[in-house]
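Engineer: This one is start-v6.cif, mmCIF, C-alpha atoms.
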```
data_protein
#
loop_
_atom_site.label_atom_id
_atom_site.label_comp_id
_atom_site.auth_asym_id
_atom_site.auth_seq_id
_atom_site.Cartn_x
_atom_site.Cartn_y
_atom_site.Cartn_z
CA MET A 1259 52.22 83.41 187.35
CA THR A 1260 51.57 85.27 184.09
CA ARG A 1261 48.30 84.44 182.42
CA THR A 1262 48.73 83.64 178.71
CA MET A 1263 46.09 84.98 176.34
CA THR A 1264 44.16 82.46 174.29
CA HIS A 1265 44.10 82.57 170.50
CA ALA A 1266 40.58 83.97 170.56
CA GLN A 1267 41.55 86.72 172.99
CA LYS A 1268 44.50 87.71 170.83
CA GLY A 1269 42.25 87.78 167.80
CA TRP A 1270 39.79 90.09 169.55
CA LEU A 1271 42.64 92.28 170.80
CA ILE A 1272 44.22 92.91 167.41
CA SER A 1273 40.79 93.35 165.78
CA GLY A 1274 39.91 95.96 168.40
CA ILE A 1275 43.19 97.80 167.91
CA ILE A 1276 42.75 97.93 164.15
CA LEU A 1277 39.14 99.12 164.47
CA LEU A 1278 40.04 101.80 167.03
CA ILE A 1279 42.99 103.22 165.05
CA VAL A 1280 41.05 103.26 161.77
CA LEU A 1281 38.05 104.90 163.47
CA LEU A 1282 40.13 107.62 165.15
CA ASP A 1283 42.10 108.20 161.95
CA GLN A 1284 38.97 108.60 159.84
CA VAL A 1285 37.12 110.79 162.34
CA LEU A 1286 40.08 113.18 162.45
CA LYS A 1287 40.51 113.21 158.67
CA ILE A 1288 36.82 113.78 157.96
CA TYR A 1289 36.67 116.60 160.50
CA ILE A 1290 39.70 118.30 158.93
CA LYS A 1291 38.38 117.80 155.41
CA LEU A 1292 35.01 119.36 156.27
CA HIS A 1293 36.28 122.25 158.40
CA PHE A 1294 39.67 123.37 157.01
CA THR A 1295 40.61 125.02 153.75
CA LEU A 1296 43.63 123.56 152.00
CA GLY A 1297 46.78 124.81 153.71
CA GLU A 1298 44.92 126.21 156.72
CA THR A 1299 47.00 125.98 159.90
CA VAL A 1300 46.05 126.15 163.56
CA GLN A 1301 48.79 126.38 166.18
CA ILE A 1302 48.29 124.21 169.26
CA PHE A 1303 51.80 124.85 170.59
CA PRO A 1304 54.80 126.42 168.83
CA TRP A 1305 56.09 122.89 168.20
CA TRP A 1306 52.71 121.36 167.27
CA GLN A 1307 50.37 122.60 164.57
CA ILE A 1308 47.33 121.30 162.70
CA CYS A 1309 48.05 121.93 159.02
CA PHE A 1310 45.68 120.56 156.37
CA ILE A 1311 47.32 119.22 153.23
CA GLU A 1312 46.53 116.40 150.81
CA ASN A 1313 48.88 114.08 148.97
CA ASP A 1314 48.80 111.34 146.35
CA GLY A 1315 51.74 109.41 147.70
CA MET A 1316 52.98 107.31 150.55
CA ALA A 1317 53.53 108.25 154.18
CA PHE A 1318 54.69 111.82 154.90
CA GLY A 1319 53.76 112.98 151.39
CA ILE A 1320 56.39 110.96 149.53
CA GLU A 1321 55.38 110.44 145.90
CA TRP A 1322 57.33 107.64 144.22
CA PHE A 1323 54.72 105.61 142.33
CA ASP A 1324 51.65 105.93 140.16
CA LYS A 1325 48.50 106.58 142.22
CA LEU A 1326 46.58 103.48 141.08
CA PHE A 1327 49.59 101.22 141.57
CA LEU A 1328 50.14 102.62 145.06
CA THR A 1329 46.52 102.08 146.09
CA LEU A 1330 46.45 98.52 144.75
CA PHE A 1331 49.79 97.82 146.44
CA ARG A 1332 48.36 99.00 149.76
CA ILE A 1333 45.33 96.73 149.38
CA VAL A 1334 47.53 93.71 148.65
CA ALA A 1335 49.80 94.65 151.57
CA VAL A 1336 46.87 94.80 153.99
CA GLY A 1337 45.65 91.42 152.75
CA LEU A 1338 49.09 89.92 153.38
CA LEU A 1339 49.30 91.53 156.80
CA VAL A 1340 45.92 90.09 157.80
CA TRP A 1341 47.06 86.64 156.65
CA TYR A 1342 50.33 87.12 158.56
CA MET A 1343 48.46 88.04 161.74
CA VAL A 1344 46.29 84.93 161.46
CA CYS A 1345 49.48 82.85 161.21
CA LEU A 1346 50.95 84.67 164.20
CA VAL A 1347 47.90 83.93 166.32
CA LYS A 1348 48.05 80.24 165.34
CA LYS A 1349 51.76 80.16 166.26
CA ASN A 1350 50.97 81.83 169.59
CA ALA A 1351 53.27 84.77 168.85
CA ARG A 1352 53.98 87.29 171.57
CA THR A 1353 51.11 89.66 172.22
CA GLY A 1354 53.31 92.74 171.94
CA TYR A 1355 54.50 91.74 168.48
CA LEU A 1356 50.92 91.07 167.38
CA VAL A 1357 49.97 94.57 168.53
CA MET A 1358 52.78 96.06 166.42
CA ILE A 1359 51.59 94.25 163.28
CA ALA A 1360 48.02 95.33 164.05
CA LEU A 1361 49.19 98.96 164.18
CA VAL A 1362 50.90 98.65 160.79
CA THR A 1363 47.78 97.05 159.33
CA ALA A 1364 45.51 99.74 160.78
CA GLY A 1365 47.73 102.51 159.43
CA ALA A 1366 47.78 101.06 155.93
CA LEU A 1367 44.02 100.50 156.00
CA GLY A 1368 43.37 104.06 157.16
CA ASN A 1369 45.16 105.54 154.15
CA ILE A 1370 43.55 103.03 151.77
CA ILE A 1371 40.12 104.35 152.75
CA ASP A 1372 41.17 107.87 151.72
CA CYS A 1373 42.43 106.69 148.35
CA MET A 1374 39.41 104.54 147.58
CA PHE A 1375 36.51 106.68 148.76
CA TYR A 1376 37.38 110.31 149.48
CA GLY A 1377 37.44 111.25 145.82
CA LEU A 1378 33.92 109.85 145.45
CA ILE A 1379 32.25 111.53 148.43
CA PHE A 1380 34.01 114.88 148.90
CA SER A 1381 34.21 118.01 146.78
CA GLN A 1382 37.63 119.44 146.03
CA SER A 1383 39.37 121.27 148.88
CA SER A 1384 40.95 124.58 147.90
CA LEU A 1385 42.83 127.49 149.45
CA CYS A 1386 39.62 129.47 149.85
CA GLU A 1387 36.86 126.86 150.07
CA VAL A 1388 36.15 124.07 152.53
CA ALA A 1389 35.13 120.72 151.01
CA HIS A 1390 31.68 119.28 151.53
CA LEU A 1391 30.04 115.89 151.14
CA VAL A 1392 28.53 115.16 147.73
CA PRO A 1393 26.44 112.29 146.29
CA ILE A 1394 28.62 109.22 145.73
CA GLY A 1395 30.39 109.55 142.38
CA ASP A 1396 30.13 113.35 142.20
CA GLY A 1397 33.35 114.02 144.06
CA TYR A 1398 36.69 115.39 142.93
CA ALA A 1399 38.23 112.08 141.76
CA PRO A 1400 37.25 108.58 140.57
CA PHE A 1401 37.45 105.39 142.63
CA PHE A 1402 41.02 104.62 143.78
CA TYR A 1403 42.21 108.17 143.06
CA GLY A 1404 41.28 109.99 146.26
CA LYS A 1405 43.92 112.01 148.09
CA VAL A 1406 45.22 111.16 151.55
CA VAL A 1407 44.43 113.78 154.20
CA ASP A 1408 47.35 114.89 156.39
CA MET A 1409 47.22 117.33 159.27
CA LEU A 1410 49.80 116.64 162.00
CA TYR A 1411 52.78 118.98 161.84
CA PHE A 1412 55.60 119.15 164.38
CA PRO A 1413 58.15 121.91 163.57
CA LEU A 1414 60.37 120.90 166.48
CA ILE A 1415 63.56 122.72 165.51
CA THR A 1416 63.72 126.09 163.77
CA ASN A 1417 66.56 128.50 163.04
CA SER A 1418 66.79 132.19 163.95
CA ALA A 1419 64.91 133.10 160.77
CA GLY A 1420 61.99 130.88 161.71
CA GLU A 1421 62.74 128.27 159.05
CA VAL A 1422 61.90 124.71 160.08
CA LEU A 1423 64.97 122.48 160.31
CA PHE A 1424 63.20 119.47 161.85
CA PHE A 1425 60.52 117.98 161.46
CA ARG A 1426 59.08 119.18 158.13
CA PRO A 1427 56.70 116.45 156.89
CA VAL A 1428 52.97 116.73 157.59
CA PHE A 1429 51.37 113.37 158.36
CA ASN A 1430 48.29 111.72 159.83
CA LEU A 1431 47.37 109.26 162.56
CA ALA A 1432 47.62 106.29 160.18
CA ASP A 1433 51.19 107.26 159.28
CA SER A 1434 51.97 107.60 162.99
CA ALA A 1435 50.69 104.10 163.75
CA ILE A 1436 52.87 102.59 161.04
CA THR A 1437 55.97 104.56 161.99
CA VAL A 1438 55.74 103.90 165.73
CA ALA A 1439 55.11 100.19 165.14
CA VAL A 1440 58.06 99.81 162.75
CA ILE A 1441 60.41 101.60 165.15
CA LEU A 1442 59.30 99.44 168.08
CA ILE A 1443 59.66 96.27 166.00
CA LEU A 1444 63.23 97.23 165.08
CA LEU A 1445 64.05 98.06 168.70
CA PHE A 1446 62.30 95.28 170.60
CA TYR A 1447 60.82 92.67 168.26
CA ARG A 1448 63.46 91.88 165.65
CA LYS A 1449 63.80 88.32 166.96
CA ASP A 1450 60.02 87.84 166.73
CA LEU A 1451 60.08 89.10 163.15
CA ASN A 1452 62.94 86.81 162.18
CA ASP A 1453 61.44 83.80 163.94
CA THR A 1454 57.97 84.15 162.45
CA LEU A 1455 59.31 84.68 158.93
CA SER A 1456 61.63 81.69 159.12
CA LYS A 1457 60.57 78.26 157.85
CA LYS A 1458 60.95 76.51 161.20
CA GLU A 1459 57.80 75.84 163.18
CA THR A 1460 57.35 77.92 166.32
CA PRO A 1461 54.07 76.66 167.81
CA ASP A 1462 54.59 78.20 171.25
CA VAL A 1463 56.38 81.52 171.02
CA GLU A 1464 54.58 83.30 173.85
CA LYS A 1465 56.62 83.50 177.02
#
```
Have the structure of the file written as structure tokens, please.
Structural biologist:
Amino acid sequence: MTRTMTHAQKGWLISGIILLIVLLDQVLKIYIKLHFTLGETVQIFPWWQICFIENDGMAFGIEWFDKLFLTLFRIVAVGLLVWYMVCLVKKNARTGYLVMIALVTAGALGNIIDCMFYGLIFSQSSLCEVAHLVPIGDGYAPFFYGKVVDMLYFPLITNSAGEVLFFRPVFNLADSAITVAVILILLFYRKDLNDTLSKKETPDVEK
């Protein structure tokens, strides 16, 4: 007989996942920011490199919107996701689906921290100088205008000339959490997504 988790246990689980992902994401970003010059690359394997870049945009360096709008949008999105998770717990949604939403929330929160605070506490990274911590407010950008730190690079497929054909974007752990969760939702949890967003009551979804 499968033991069903209580609402409190699910709440602790998703809180722990969010805290762990955000902590790991920030530790990695801060280490890279304080030890790498901009553009510095370290090869782990031919198909996996650590490459320090910064961006103002969304996941994988995409830049579609104004920086302030994007940061505020992320904050609102995280607020809605937290509210959604509370509703899911009350509806006794499947634990796996809750974990997926927690991963999305953690990823969004991780990048929000960069945007809100990195510009305040770090000096500017450059091609020849590593950033350092500065007194709050003396950093390279005002509140909300910090840059997101990316470092994970997987040039999986290259041609004979060494040009990368796939995968070119440089990303971070927060981006990874969001991407993996969205893919798994589309593959395995589409029914959960549809059911929880529908108007009908589903008080006992967990099976």
Engineer: Ranking A:Ile1288, A:Val1357, A:Ala1266, A:Leu1338 by minimum distance to Ile1379 (chain A) and counting all atoms listed in the file, which one comes first?
Structural biologist: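 Of A:Ile1288, A:Val1357, A:Ala1266, A:Leu1338, the one nearest Ile1379 (chain A) is A:Ile1288, counting all atoms listed in the file.
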Engineer: So what does the PyMOL selection byres ((chain A and resi 1307) around 12) actually pick up in this one, as a compact mmCIF listing (two decimals) with C-alpha atoms, keeping the file's coordinate frame?
Structural biologist:
```txt
# COMPACT_ATOMS: atom_id res chain seq x y z
CA GLY A 1297 46.78 124.81 153.71
CA GLU A 1298 44.92 126.21 156.72
CA THR A 1299 47.00 125.98 159.90
CA VAL A 1300 46.05 126.15 163.56
CA GLN A 1301 48.79 126.38 166.18
CA ILE A 1302 48.29 124.21 169.26
CA PHE A 1303 51.80 124.85 170.59
CA PRO A 1304 54.80 126.42 168.83
CA TRP A 1305 56.09 122.89 168.20
CA TRP A 1306 52.71 121.36 167.27
CA ILE A 1308 47.33 121.30 162.70
CA CYS A 1309 48.05 121.93 159.02
CA PHE A 1310 45.68 120.56 156.37
CA ASP A 1408 47.35 114.89 156.39
CA MET A 1409 47.22 117.33 159.27
CA LEU A 1410 49.80 116.64 162.00
CA TYR A 1411 52.78 118.98 161.84
CA PHE A 1412 55.60 119.15 164.38
CA PRO A 1413 58.15 121.91 163.57
CA LEU A 1414 60.37 120.90 166.48
CA PHE A 1425 60.52 117.98 161.46
CA ARG A 1426 59.08 119.18 158.13
CA PRO A 1427 56.70 116.45 156.89
CA VAL A 1428 52.97 116.73 157.59
CA PHE A 1429 51.37 113.37 158.36
```
Engineer: Just want the 7 Å neighbourhood of Val1336 (chain A), counted on all atoms listed in the file, with same-chain residues fewer than 2 positions away dropped. Output as number ranges by chain.
Structural biologist: A: 1332-1334, 1338-1340, 1363, 1366-1367
Engineer: Could you write out as an mmCIF file with C-alpha atoms, keeping the file's coordinate frame the residues that the PyMOL selection byres ((chain A and resi 1353) around 10) matches in the shown file?
Structural biologist:
```cif
data_model
loop_
_atom_site.group_PDB
_atom_site.id
_atom_site.type_symbol
_atom_site.label_atom_id
_atom_site.label_comp_id
_atom_site.auth_asym_id
_atom_site.auth_seq_id
_atom_site.Cartn_x
_atom_site.Cartn_y
_atom_site.Cartn_z
ATOM 1 C CA THR A 1262 48.730 83.640 178.710
ATOM 2 C CA MET A 1263 46.090 84.980 176.340
ATOM 3 C CA LYS A 1268 44.500 87.710 170.830
ATOM 4 C CA LEU A 1271 42.640 92.280 170.800
ATOM 5 C CA ILE A 1272 44.220 92.910 167.410
ATOM 6 C CA LEU A 1346 50.950 84.670 164.200
ATOM 7 C CA VAL A 1347 47.900 83.930 166.320
ATOM 8 C CA ASN A 1350 50.970 81.830 169.590
ATOM 9 C CA ALA A 1351 53.270 84.770 168.850
ATOM 10 C CA ARG A 1352 53.980 87.290 171.570
ATOM 11 C CA GLY A 1354 53.310 92.740 171.940
ATOM 12 C CA TYR A 1355 54.500 91.740 168.480
ATOM 13 C CA LEU A 1356 50.920 91.070 167.380
ATOM 14 C CA VAL A 1357 49.970 94.570 168.530
ATOM 15 C CA MET A 1358 52.780 96.060 166.420
ATOM 16 C CA VAL A 1463 56.380 81.520 171.020
ATOM 17 C CA GLU A 1464 54.580 83.300 173.850
ATOM 18 C CA LYS A 1465 56.620 83.500 177.020
#
```
Engineer: Suppose you want the space between CA of Ile1276 (chain A) and CA of Tyr1342 (chain A); what is it in Å?
Structural biologist: 14.3 Å
Engineer: Please determine, counting all atoms listed in the file, which residue among A:Leu1286, A:Phe1402, A:Leu1330, A:Ala1364 has the shortest atom-to-atom distance to Gly1377 (chain A).
Structural biologist: A:Phe1402
Engineer: Calculate how many Å separate CA of Leu1296 (chain A) from CA of Ile1311 (chain A), rounding to one decimal.
Structural biologist: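 We find that CA of Leu1296 (chain A) and CA of Ile1311 (chain A) lie 5.8 Å from each other.
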Engineer: Name every residue that the PyMOL selection byres ((chain A and resi 1440) around 12) selects in this structure, writing the answer as a list in words with chains first and numbers rising.
Structural biologist: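 Residues picked by the PyMOL selection byres ((chain A and resi 1440) around 12): Tyr1355, Val1357, Met1358, Ile1359, Ala1360, Leu1361, Val1362, Thr1363, Gly1365, Asp1433, Ser1434, Ala1435, Ile1436, Thr1437, Val1438, Ala1439, Ile1441, Leu1442, Ile1443, Leu1444, Leu1445, Phe1446, Tyr1447, Arg1448 and Leu1451 of chain A.
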Engineer: Considering all atoms listed in the file, state which residue in the set A:Cys1345, A:Phe1424, A:Tyr1403, A:Gly1368 is at the smallest distance from Leu1277 (chain A).
Structural biologist: A:Gly1368
Engineer: Please provide the set of residues having any atom within 12 Å of Leu1391 (chain A), restricted to only C-alpha atoms, with same-chain residues fewer than 3 positions apart removed, written as a compact mmCIF listing (two decimals) with C-alpha atoms, keeping the file's coordinate frame.
Structural biologist:
```txt
# COMPACT_ATOMS: atom_id res chain seq x y z
CA ILE A 1288 36.82 113.78 157.96
CA TYR A 1289 36.67 116.60 160.50
CA LYS A 1291 38.38 117.80 155.41
CA LEU A 1292 35.01 119.36 156.27
CA HIS A 1293 36.28 122.25 158.40
CA PHE A 1375 36.51 106.68 148.76
CA TYR A 1376 37.38 110.31 149.48
CA GLY A 1377 37.44 111.25 145.82
CA LEU A 1378 33.92 109.85 145.45
CA ILE A 1379 32.25 111.53 148.43
CA PHE A 1380 34.01 114.88 148.90
CA SER A 1381 34.21 118.01 146.78
CA GLN A 1382 37.63 119.44 146.03
CA SER A 1383 39.37 121.27 148.88
CA VAL A 1388 36.15 124.07 152.53
CA ILE A 1394 28.62 109.22 145.73
CA GLY A 1395 30.39 109.55 142.38
CA ASP A 1396 30.13 113.35 142.20
CA GLY A 1397 33.35 114.02 144.06
CA TYR A 1398 36.69 115.39 142.93
```
Engineer: Could you work out how far CA of His1265 (chain A) lies from CA of Lys1348 (chain A), giving the answer in Å with one decimal?
Structural biologist: 6.9 Å
Engineer: Taking all atoms listed in the file into account, which of A:Ala1399, A:Val1406, A:Ile1279, A:Val1392 comes nearest Thr1329 (chain A)?
Structural biologist: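 Using all atoms listed in the file, the shortest distance to Thr1329 (chain A) belongs to A:Val1406.
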Engineer: Which is closest to Phe1294 (chain A) among A:Ser1384, A:Asn1417, A:Asn1313, A:Asn1452, if we use all atoms listed in the file?
Structural biologist: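 Ranking A:Ser1384, A:Asn1417, A:Asn1313, A:Asn1452 by distance to Phe1294 (chain A), first place goes to A:Ser1384.
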